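Novice: One file is attached below, target-v5.txt, containing compact mmCIF, C-alpha atoms.
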# COMPACT_ATOMS: atom_id res chain seq x y z
CA MET T 1 9.91 31.10 -30.87
CA ILE T 2 8.53 27.55 -31.13
CA ARG T 3 12.03 26.15 -30.69
CA LYS T 4 12.43 28.13 -27.43
CA ILE T 5 9.09 26.85 -26.12
CA VAL T 6 9.98 23.23 -26.99
CA THR T 7 13.37 23.63 -25.29
CA LEU T 8 11.73 25.15 -22.20
CA VAL T 9 9.13 22.35 -21.96
CA ALA T 10 11.82 19.70 -22.45
CA GLY T 11 13.88 21.31 -19.68
CA ILE T 12 10.93 21.32 -17.28
CA VAL T 13 10.17 17.66 -18.02
CA CYS T 14 13.82 16.75 -17.36
CA VAL T 15 13.82 18.59 -14.02
CA ILE T 16 10.60 16.88 -12.92
CA ALA T 17 11.86 13.46 -14.03
CA ALA T 18 15.16 14.03 -12.23
CA GLN T 19 13.42 14.78 -8.91
CA ALA T 20 10.94 11.90 -8.92
CA GLN T 21 12.89 8.72 -8.20
CA SER T 22 11.88 5.11 -8.82
CA TYR T 23 11.78 2.79 -5.82
CA SER T 24 10.89 -0.80 -5.02
CA PRO T 25 9.64 -2.10 -1.68
CA VAL T 26 12.07 -4.30 0.24
CA ASP T 27 9.86 -7.19 1.35
CA ASP T 28 12.11 -8.79 3.96
CA SER T 29 12.61 -5.47 5.78
CA SER T 30 8.99 -4.30 5.52
CA LYS T 31 5.92 -5.17 7.55
CA VAL T 32 2.30 -5.20 6.40
CA SER T 33 0.18 -6.16 9.39
CA PHE T 34 -3.44 -6.04 10.47
CA THR T 35 -5.62 -6.31 13.57
CA ILE T 36 -9.23 -7.49 13.55
CA LYS T 37 -11.59 -8.62 16.29
CA ASN T 38 -12.84 -12.22 16.27
CA LEU T 39 -15.35 -13.04 19.00
CA GLY T 40 -14.36 -9.73 20.62
CA ILE T 41 -10.66 -10.65 20.83
CA ASN T 42 -7.99 -8.85 18.79
CA VAL T 43 -6.39 -11.14 16.22
CA LYS T 44 -3.16 -9.91 14.69
CA GLY T 45 -1.72 -11.01 11.39
CA SER T 46 0.61 -10.05 8.61
CA PHE T 47 1.36 -10.49 4.93
CA THR T 48 4.61 -10.84 3.00
CA GLY T 49 5.48 -10.89 -0.67
CA LEU T 50 5.38 -7.10 -1.01
CA GLN T 51 6.26 -6.02 -4.55
CA GLY T 52 5.60 -3.20 -6.95
CA HIS T 53 6.78 0.08 -8.32
CA ILE T 54 6.91 3.41 -6.52
CA THR T 55 7.80 6.81 -7.90
CA PHE T 56 8.29 9.26 -5.08
CA ASP T 57 9.27 12.92 -4.86
CA ALA T 58 9.10 14.33 -1.32
CA ALA T 59 9.50 17.89 -2.62
CA GLN T 60 6.68 17.51 -5.16
CA PRO T 61 4.48 14.64 -3.94
CA GLU T 62 1.96 15.28 -6.74
CA ASN T 63 4.58 13.66 -9.03
CA SER T 64 4.51 10.48 -6.92
CA SER T 65 2.75 7.22 -7.68
CA PHE T 66 2.39 3.86 -5.96
CA ASP T 67 1.50 0.55 -7.62
CA VAL T 68 2.14 -2.18 -5.06
CA TYR T 69 0.77 -5.56 -4.06
CA ILE T 70 1.19 -8.32 -1.50
CA ASP T 71 0.87 -12.07 -1.74
CA ALA T 72 -2.59 -12.88 -0.34
CA ALA T 73 -1.57 -16.50 0.36
CA SER T 74 1.17 -15.27 2.71
CA ILE T 75 -1.38 -14.39 5.40
CA ASN T 76 0.00 -15.32 8.80
CA THR T 77 -1.96 -15.07 12.06
CA GLY T 78 0.19 -17.54 13.94
CA ASN T 79 -2.43 -20.29 13.55
CA ASN T 80 -1.96 -22.59 10.51
CA ALA T 81 -5.53 -23.92 10.54
CA ARG T 82 -6.96 -20.39 10.64
CA ASP T 83 -4.52 -19.18 7.95
CA ASN T 84 -5.51 -22.04 5.63
CA HIS T 85 -9.19 -21.19 6.23
CA LEU T 86 -8.54 -17.52 5.43
CA ARG T 87 -6.96 -18.55 2.11
CA GLU T 88 -10.19 -20.30 1.04
CA GLU T 89 -12.79 -18.90 -1.36
CA VAL T 90 -15.11 -17.47 1.32
CA PHE T 91 -12.32 -15.29 2.69
CA LEU T 92 -9.37 -14.25 0.46
CA ASP T 93 -9.85 -16.79 -2.35
CA VAL T 94 -6.10 -16.84 -3.01
CA GLN T 95 -6.42 -19.41 -5.78
CA ASN T 96 -8.38 -16.96 -7.94
CA HIS T 97 -7.07 -13.71 -6.45
CA PRO T 98 -3.40 -14.20 -5.50
CA HIS T 99 -2.67 -10.52 -4.80
CA ILE T 100 -4.03 -7.67 -2.72
CA LYS T 101 -3.18 -4.52 -4.65
CA PHE T 102 -3.03 -0.77 -4.03
CA VAL T 103 -2.66 1.86 -6.76
CA SER T 104 -2.43 5.53 -5.83
CA VAL T 105 -4.34 8.24 -7.66
CA LYS T 106 -3.10 11.23 -5.66
CA VAL T 107 -0.33 12.01 -3.17
CA GLU T 108 -0.36 15.30 -1.28
CA PRO T 109 1.83 16.91 1.37
CA GLY T 110 0.60 16.72 4.96
CA LYS T 111 0.45 19.57 7.44
CA LYS T 112 3.82 18.70 9.04
CA ALA T 113 7.18 18.10 7.38
CA GLY T 114 7.65 14.44 6.44
CA THR T 115 3.92 13.71 6.40
CA PHE T 116 1.82 12.99 3.34
CA PHE T 117 -1.70 11.93 2.42
CA MET T 118 -2.42 9.30 -0.22
CA GLN T 119 -5.59 8.49 -2.12
CA GLY T 120 -5.95 5.41 -4.25
CA THR T 121 -7.69 2.16 -4.96
CA LEU T 122 -7.41 -1.01 -2.89
CA THR T 123 -8.28 -4.24 -4.70
CA ILE T 124 -9.14 -7.41 -2.78
CA LYS T 125 -10.76 -10.44 -4.46
CA GLY T 126 -11.15 -8.46 -7.68
CA ILE T 127 -13.16 -5.73 -5.93
CA SER T 128 -11.62 -2.25 -6.18
CA LEU T 129 -12.65 0.47 -3.75
CA PRO T 130 -11.26 3.92 -2.88
CA LEU T 131 -8.92 4.20 0.07
CA SER T 132 -7.08 7.16 1.57
CA PHE T 133 -4.69 7.45 4.47
CA PRO T 134 -1.88 9.54 5.94
CA PHE T 135 1.71 8.33 6.01
CA THR T 136 5.10 9.51 7.16
CA VAL T 137 8.39 9.41 5.29
CA THR T 138 11.82 9.01 6.86
CA PRO T 139 14.80 9.23 4.48
CA THR T 140 17.47 6.49 4.48
CA THR T 141 20.78 6.31 2.65
CA ASP T 142 19.23 5.04 -0.59
CA GLY T 143 15.49 5.21 -0.03
CA TYR T 144 12.80 5.85 2.57
CA TRP T 145 10.83 4.27 5.37
CA LEU T 146 7.12 4.79 4.67
CA GLU T 147 4.78 4.31 7.61
CA GLY T 148 1.04 4.62 7.96
CA ASP T 149 -2.12 3.08 9.35
CA PHE T 150 -5.61 2.91 7.97
CA ASP T 151 -8.95 1.36 8.84
CA THR T 152 -10.92 -0.52 6.25
CA ARG T 153 -13.84 -2.93 6.13
CA ARG T 154 -13.84 -6.54 4.96
CA LYS T 155 -17.50 -6.95 3.96
CA PRO T 156 -17.45 -4.64 0.89
CA TYR T 157 -14.65 -6.89 -0.47
CA ARG T 158 -16.76 -10.00 0.29
CA VAL T 159 -14.14 -11.33 2.72
CA GLY T 160 -15.84 -13.81 5.06
CA ARG T 161 -19.50 -14.30 5.80
CA THR T 162 -19.39 -14.85 9.53
CA SER T 163 -20.73 -12.38 12.07
CA THR T 164 -18.18 -13.39 14.73
CA ILE T 165 -15.48 -11.39 12.93
CA SER T 166 -15.60 -7.61 13.02
CA ASP T 167 -16.23 -5.82 9.74
CA LYS T 168 -13.57 -3.22 10.61
CA LEU T 169 -9.86 -3.95 10.60
CA THR T 170 -6.78 -1.80 11.04
CA VAL T 171 -3.85 -2.16 8.67
CA SER T 172 -0.37 -0.96 9.65
CA LEU T 173 2.38 -0.37 7.12
CA ARG T 174 6.11 -0.03 7.76
CA VAL T 175 7.68 -0.27 4.34
CA LEU T 176 11.29 0.19 3.34
CA VAL T 177 11.70 1.36 -0.26
CA LYS T 178 15.03 1.54 -2.10
CA LYS T 179 16.04 3.13 -5.38
CA THR T 180 15.75 0.89 -8.41
For the structure just supplied, provide its representation as structure tokens.
Specialist:
Amino acid sequence: MIRKIVTLVAGIVCVIAAQAQSYSPVDDSSKVSFTIKNLGINVKGSFTGLQGHITFDAAQPENSSFDVYIDAASINTGNNARDNHLREEVFLDVQNHPHIKFVSVKVEPGKKAGTFFMQGTLTIKGISLPLSFPFTVTPTTDGYWLEGDFDTRRKPYRVGRTSTISDKLTVSLRVLVKKT
């Protein structure tokens, strides 16, 4: 009897492991961008250096996990002086905190096919706070396009001390992931 139970459990684990695939983000094909108001004007920027590990199962998203990060020093707003200022201690402090990281804690199916909802923790400057957002998944030959947008605030992460920059920013993700 015990042998049958062990065999059954092992079989279930194998099926689950076979469905959840490991993926890595493809940095040069992906885009992590943001928009924030400065003096009432929208400033757009982006980050590169996207890396990490993703386990994803579209059929059973509860078996999925995301552990990804970007290079904080890669910030690019199209203005070198501003970008250098944003890398300083008062903003991103890239010397002491070289990565902006996201780790999922829960992935759920959305209401429509190809849509999902993710909950996790976003870490900026060593400060980790909960974050949740919807995203869509489009299959490719050997991976997926993952796309989503979310709003967050900069002040809880102690990013900048000026009142000319809005506290709220919008982050847009268009990430290509391929099997590892």
Novice: Per residue of range 43-131 of chain T within 7 Å of range 135-151 of chain T, record the nearest atom pair and its distance in Å to one decimal, counting all atoms listed in the file, with rows in chain order and ascending residue number, as JSON lines.
Specialist:
{"residue": "T:Gly114", "atom": "CA", "partner": "T:Val137", "partner_atom": "CA", "distance": 5.2}
{"residue": "T:Thr115", "atom": "CA", "partner": "T:Thr136", "partner_atom": "CA", "distance": 4.4}
{"residue": "T:Phe116", "atom": "CA", "partner": "T:Phe135", "partner_atom": "CA", "distance": 5.4}
{"residue": "T:Phe117", "atom": "CA", "partner": "T:Phe135", "partner_atom": "CA", "distance": 6.1}
Novice: Between CA of Val94 in chain T and CA of Ser74 in chain T, measure the distance and give it in Å to one decimal.
Specialist: 9.4 Å
Novice: Using 10 Å as the limit and counting only C-alpha atoms, can you tabulate each residue of range 61-125 of chain T that touches range 47-56 of chain T, with its shortest atom-to-atom distance in Å and the two atoms involved, as a tab-separated table?
Specialist:
residue	atom	partner	partner_atom	distance
T:Pro61	CA	T:Phe56	CA	6.7
T:Glu62	CA	T:Phe56	CA	8.9
T:Asn63	CA	T:Phe56	CA	7.0
T:Ser64	CA	T:Phe56	CA	4.4
T:Ser65	CA	T:Thr55	CA	5.1
T:Phe66	CA	T:Ile54	CA	4.6
T:Asp67	CA	T:His53	CA	5.3
T:Val68	CA	T:Gly52	CA	4.1
T:Tyr69	CA	T:Gln51	CA	5.5
T:Ile70	CA	T:Leu50	CA	4.4
T:Asp71	CA	T:Gly49	CA	4.9
T:Ala72	CA	T:Phe47	CA	7.0
T:Ala73	CA	T:Phe47	CA	8.1
T:Ser74	CA	T:Phe47	CA	5.3
T:Ile75	CA	T:Phe47	CA	4.8
T:Asn76	CA	T:Phe47	CA	6.3
T:Thr77	CA	T:Phe47	CA	9.1
T:His99	CA	T:Gly49	CA	9.1
T:Ile100	CA	T:Leu50	CA	9.6
T:Lys101	CA	T:Gly52	CA	9.2
T:Phe102	CA	T:Gly52	CA	9.4
T:Val103	CA	T:Gly52	CA	9.7
T:Ser104	CA	T:Ile54	CA	9.6
T:Val107	CA	T:Phe56	CA	9.2
Novice: May I ask which of the residues T:Leu131, T:Thr180, T:Val159, T:Ser33 is the closest one to Arg87 in chain T, counting only C-alpha atoms?
Specialist: T:Val159
Novice: Counting all atoms listed in the file, which residue out of T:Asn96, T:Gln119, T:Ser22, T:Ser46 sits closest to Gly78 in chain T?
Specialist: T:Ser46
Novice: To one decimal in Å, tell me the separation between CA of Asp57 in chain T and CA of Thr121 in chain T.
Specialist: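 Interatomic distance here is 20.1 Å.
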Novice: Between T:Arg174, T:Lys155, T:Lys179, T:Lys168, which is the closest to Asn38 in chain T once you count all atoms listed in the file?
Specialist: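 Of the candidates, the smallest distance to Asn38 in chain T is held by T:Lys168.
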Novice: So which one's closest to Phe133 in chain T, T:Arg153, T:Arg158, T:Val171, T:Ser166? Using all atoms listed in the file, please.
Specialist: T:Val171
Novice: Could you add whatever atoms are missing so that range 126-145 of chain T carries N, CA and C atoms, then write the result as a PDB file, keeping the file's coordinate frame?
Specialist:
ATOM      1  N   GLY T 126     -10.646  -9.037  -6.444  1.00  0.00           N
ATOM      2  CA  GLY T 126     -11.150  -8.460  -7.680  1.00  0.00           C
ATOM      3  C   GLY T 126     -12.092  -7.283  -7.478  1.00  0.00           C
ATOM      4  N   ILE T 127     -12.292  -6.862  -6.239  1.00  0.00           N
ATOM      5  CA  ILE T 127     -13.160  -5.730  -5.930  1.00  0.00           C
ATOM      6  C   ILE T 127     -12.274  -4.534  -5.596  1.00  0.00           C
ATOM      7  N   SER T 128     -12.439  -3.459  -6.347  1.00  0.00           N
ATOM      8  CA  SER T 128     -11.620  -2.250  -6.180  1.00  0.00           C
ATOM      9  C   SER T 128     -12.447  -1.134  -5.571  1.00  0.00           C
ATOM     10  N   LEU T 129     -11.949  -0.604  -4.448  1.00  0.00           N
ATOM     11  CA  LEU T 129     -12.650   0.470  -3.750  1.00  0.00           C
ATOM     12  C   LEU T 129     -11.663   1.573  -3.367  1.00  0.00           C
ATOM     13  N   PRO T 130     -12.160   2.821  -3.252  1.00  0.00           N
ATOM     14  CA  PRO T 130     -11.260   3.920  -2.880  1.00  0.00           C
ATOM     15  C   PRO T 130     -10.760   3.770  -1.447  1.00  0.00           C
ATOM     16  N   LEU T 131      -9.531   4.228  -1.244  1.00  0.00           N
ATOM     17  CA  LEU T 131      -8.920   4.200   0.070  1.00  0.00           C
ATOM     18  C   LEU T 131      -7.989   5.397   0.188  1.00  0.00           C
ATOM     19  N   SER T 132      -8.004   6.056   1.336  1.00  0.00           N
ATOM     20  CA  SER T 132      -7.080   7.160   1.570  1.00  0.00           C
ATOM     21  C   SER T 132      -6.545   7.061   2.981  1.00  0.00           C
ATOM     22  N   PHE T 133      -5.299   7.511   3.151  1.00  0.00           N
ATOM     23  CA  PHE T 133      -4.690   7.450   4.470  1.00  0.00           C
ATOM     24  C   PHE T 133      -3.442   8.330   4.537  1.00  0.00           C
ATOM     25  N   PRO T 134      -3.097   8.772   5.755  1.00  0.00           N
ATOM     26  CA  PRO T 134      -1.880   9.540   5.940  1.00  0.00           C
ATOM     27  C   PRO T 134      -0.683   8.608   6.105  1.00  0.00           C
ATOM     28  N   PHE T 135       0.497   9.112   5.771  1.00  0.00           N
ATOM     29  CA  PHE T 135       1.710   8.330   6.010  1.00  0.00           C
ATOM     30  C   PHE T 135       2.878   9.273   6.254  1.00  0.00           C
ATOM     31  N   THR T 136       3.896   8.737   6.908  1.00  0.00           N
ATOM     32  CA  THR T 136       5.100   9.510   7.160  1.00  0.00           C
ATOM     33  C   THR T 136       6.243   8.937   6.342  1.00  0.00           C
ATOM     34  N   VAL T 137       7.224   9.798   6.091  1.00  0.00           N
ATOM     35  CA  VAL T 137       8.390   9.410   5.290  1.00  0.00           C
ATOM     36  C   VAL T 137       9.648   9.769   6.072  1.00  0.00           C
ATOM     37  N   THR T 138      10.523   8.785   6.216  1.00  0.00           N
ATOM     38  CA  THR T 138      11.820   9.010   6.860  1.00  0.00           C
ATOM     39  C   THR T 138      12.900   8.618   5.865  1.00  0.00           C
ATOM     40  N   PRO T 139      13.750   9.551   5.460  1.00  0.00           N
ATOM     41  CA  PRO T 139      14.800   9.230   4.480  1.00  0.00           C
ATOM     42  C   PRO T 139      15.819   8.233   5.046  1.00  0.00           C
ATOM     43  N   THR T 140      16.356   7.383   4.164  1.00  0.00           N
ATOM     44  CA  THR T 140      17.470   6.490   4.480  1.00  0.00           C
ATOM     45  C   THR T 140      18.581   6.814   3.488  1.00  0.00           C
ATOM     46  N   THR T 141      19.651   6.068   3.551  1.00  0.00           N
ATOM     47  CA  THR T 141      20.780   6.310   2.650  1.00  0.00           C
ATOM     48  C   THR T 141      20.376   6.238   1.186  1.00  0.00           C
ATOM     49  N   ASP T 142      19.597   5.218   0.823  1.00  0.00           N
ATOM     50  CA  ASP T 142      19.230   5.040  -0.590  1.00  0.00           C
ATOM     51  C   ASP T 142      17.733   4.781  -0.776  1.00  0.00           C
ATOM     52  N   GLY T 143      16.929   5.400   0.087  1.00  0.00           N
ATOM     53  CA  GLY T 143      15.490   5.210  -0.030  1.00  0.00           C
ATOM     54  C   GLY T 143      14.746   5.914   1.098  1.00  0.00           C
ATOM     55  N   TYR T 144      13.650   5.281   1.525  1.00  0.00           N
ATOM     56  CA  TYR T 144      12.800   5.850   2.570  1.00  0.00           C
ATOM     57  C   TYR T 144      12.140   4.730   3.369  1.00  0.00           C
ATOM     58  N   TRP T 145      11.806   5.050   4.612  1.00  0.00           N
ATOM     59  CA  TRP T 145      10.830   4.270   5.370  1.00  0.00           C
ATOM     60  C   TRP T 145       9.500   4.988   5.201  1.00  0.00           C
TER      61      TRP T 145
END
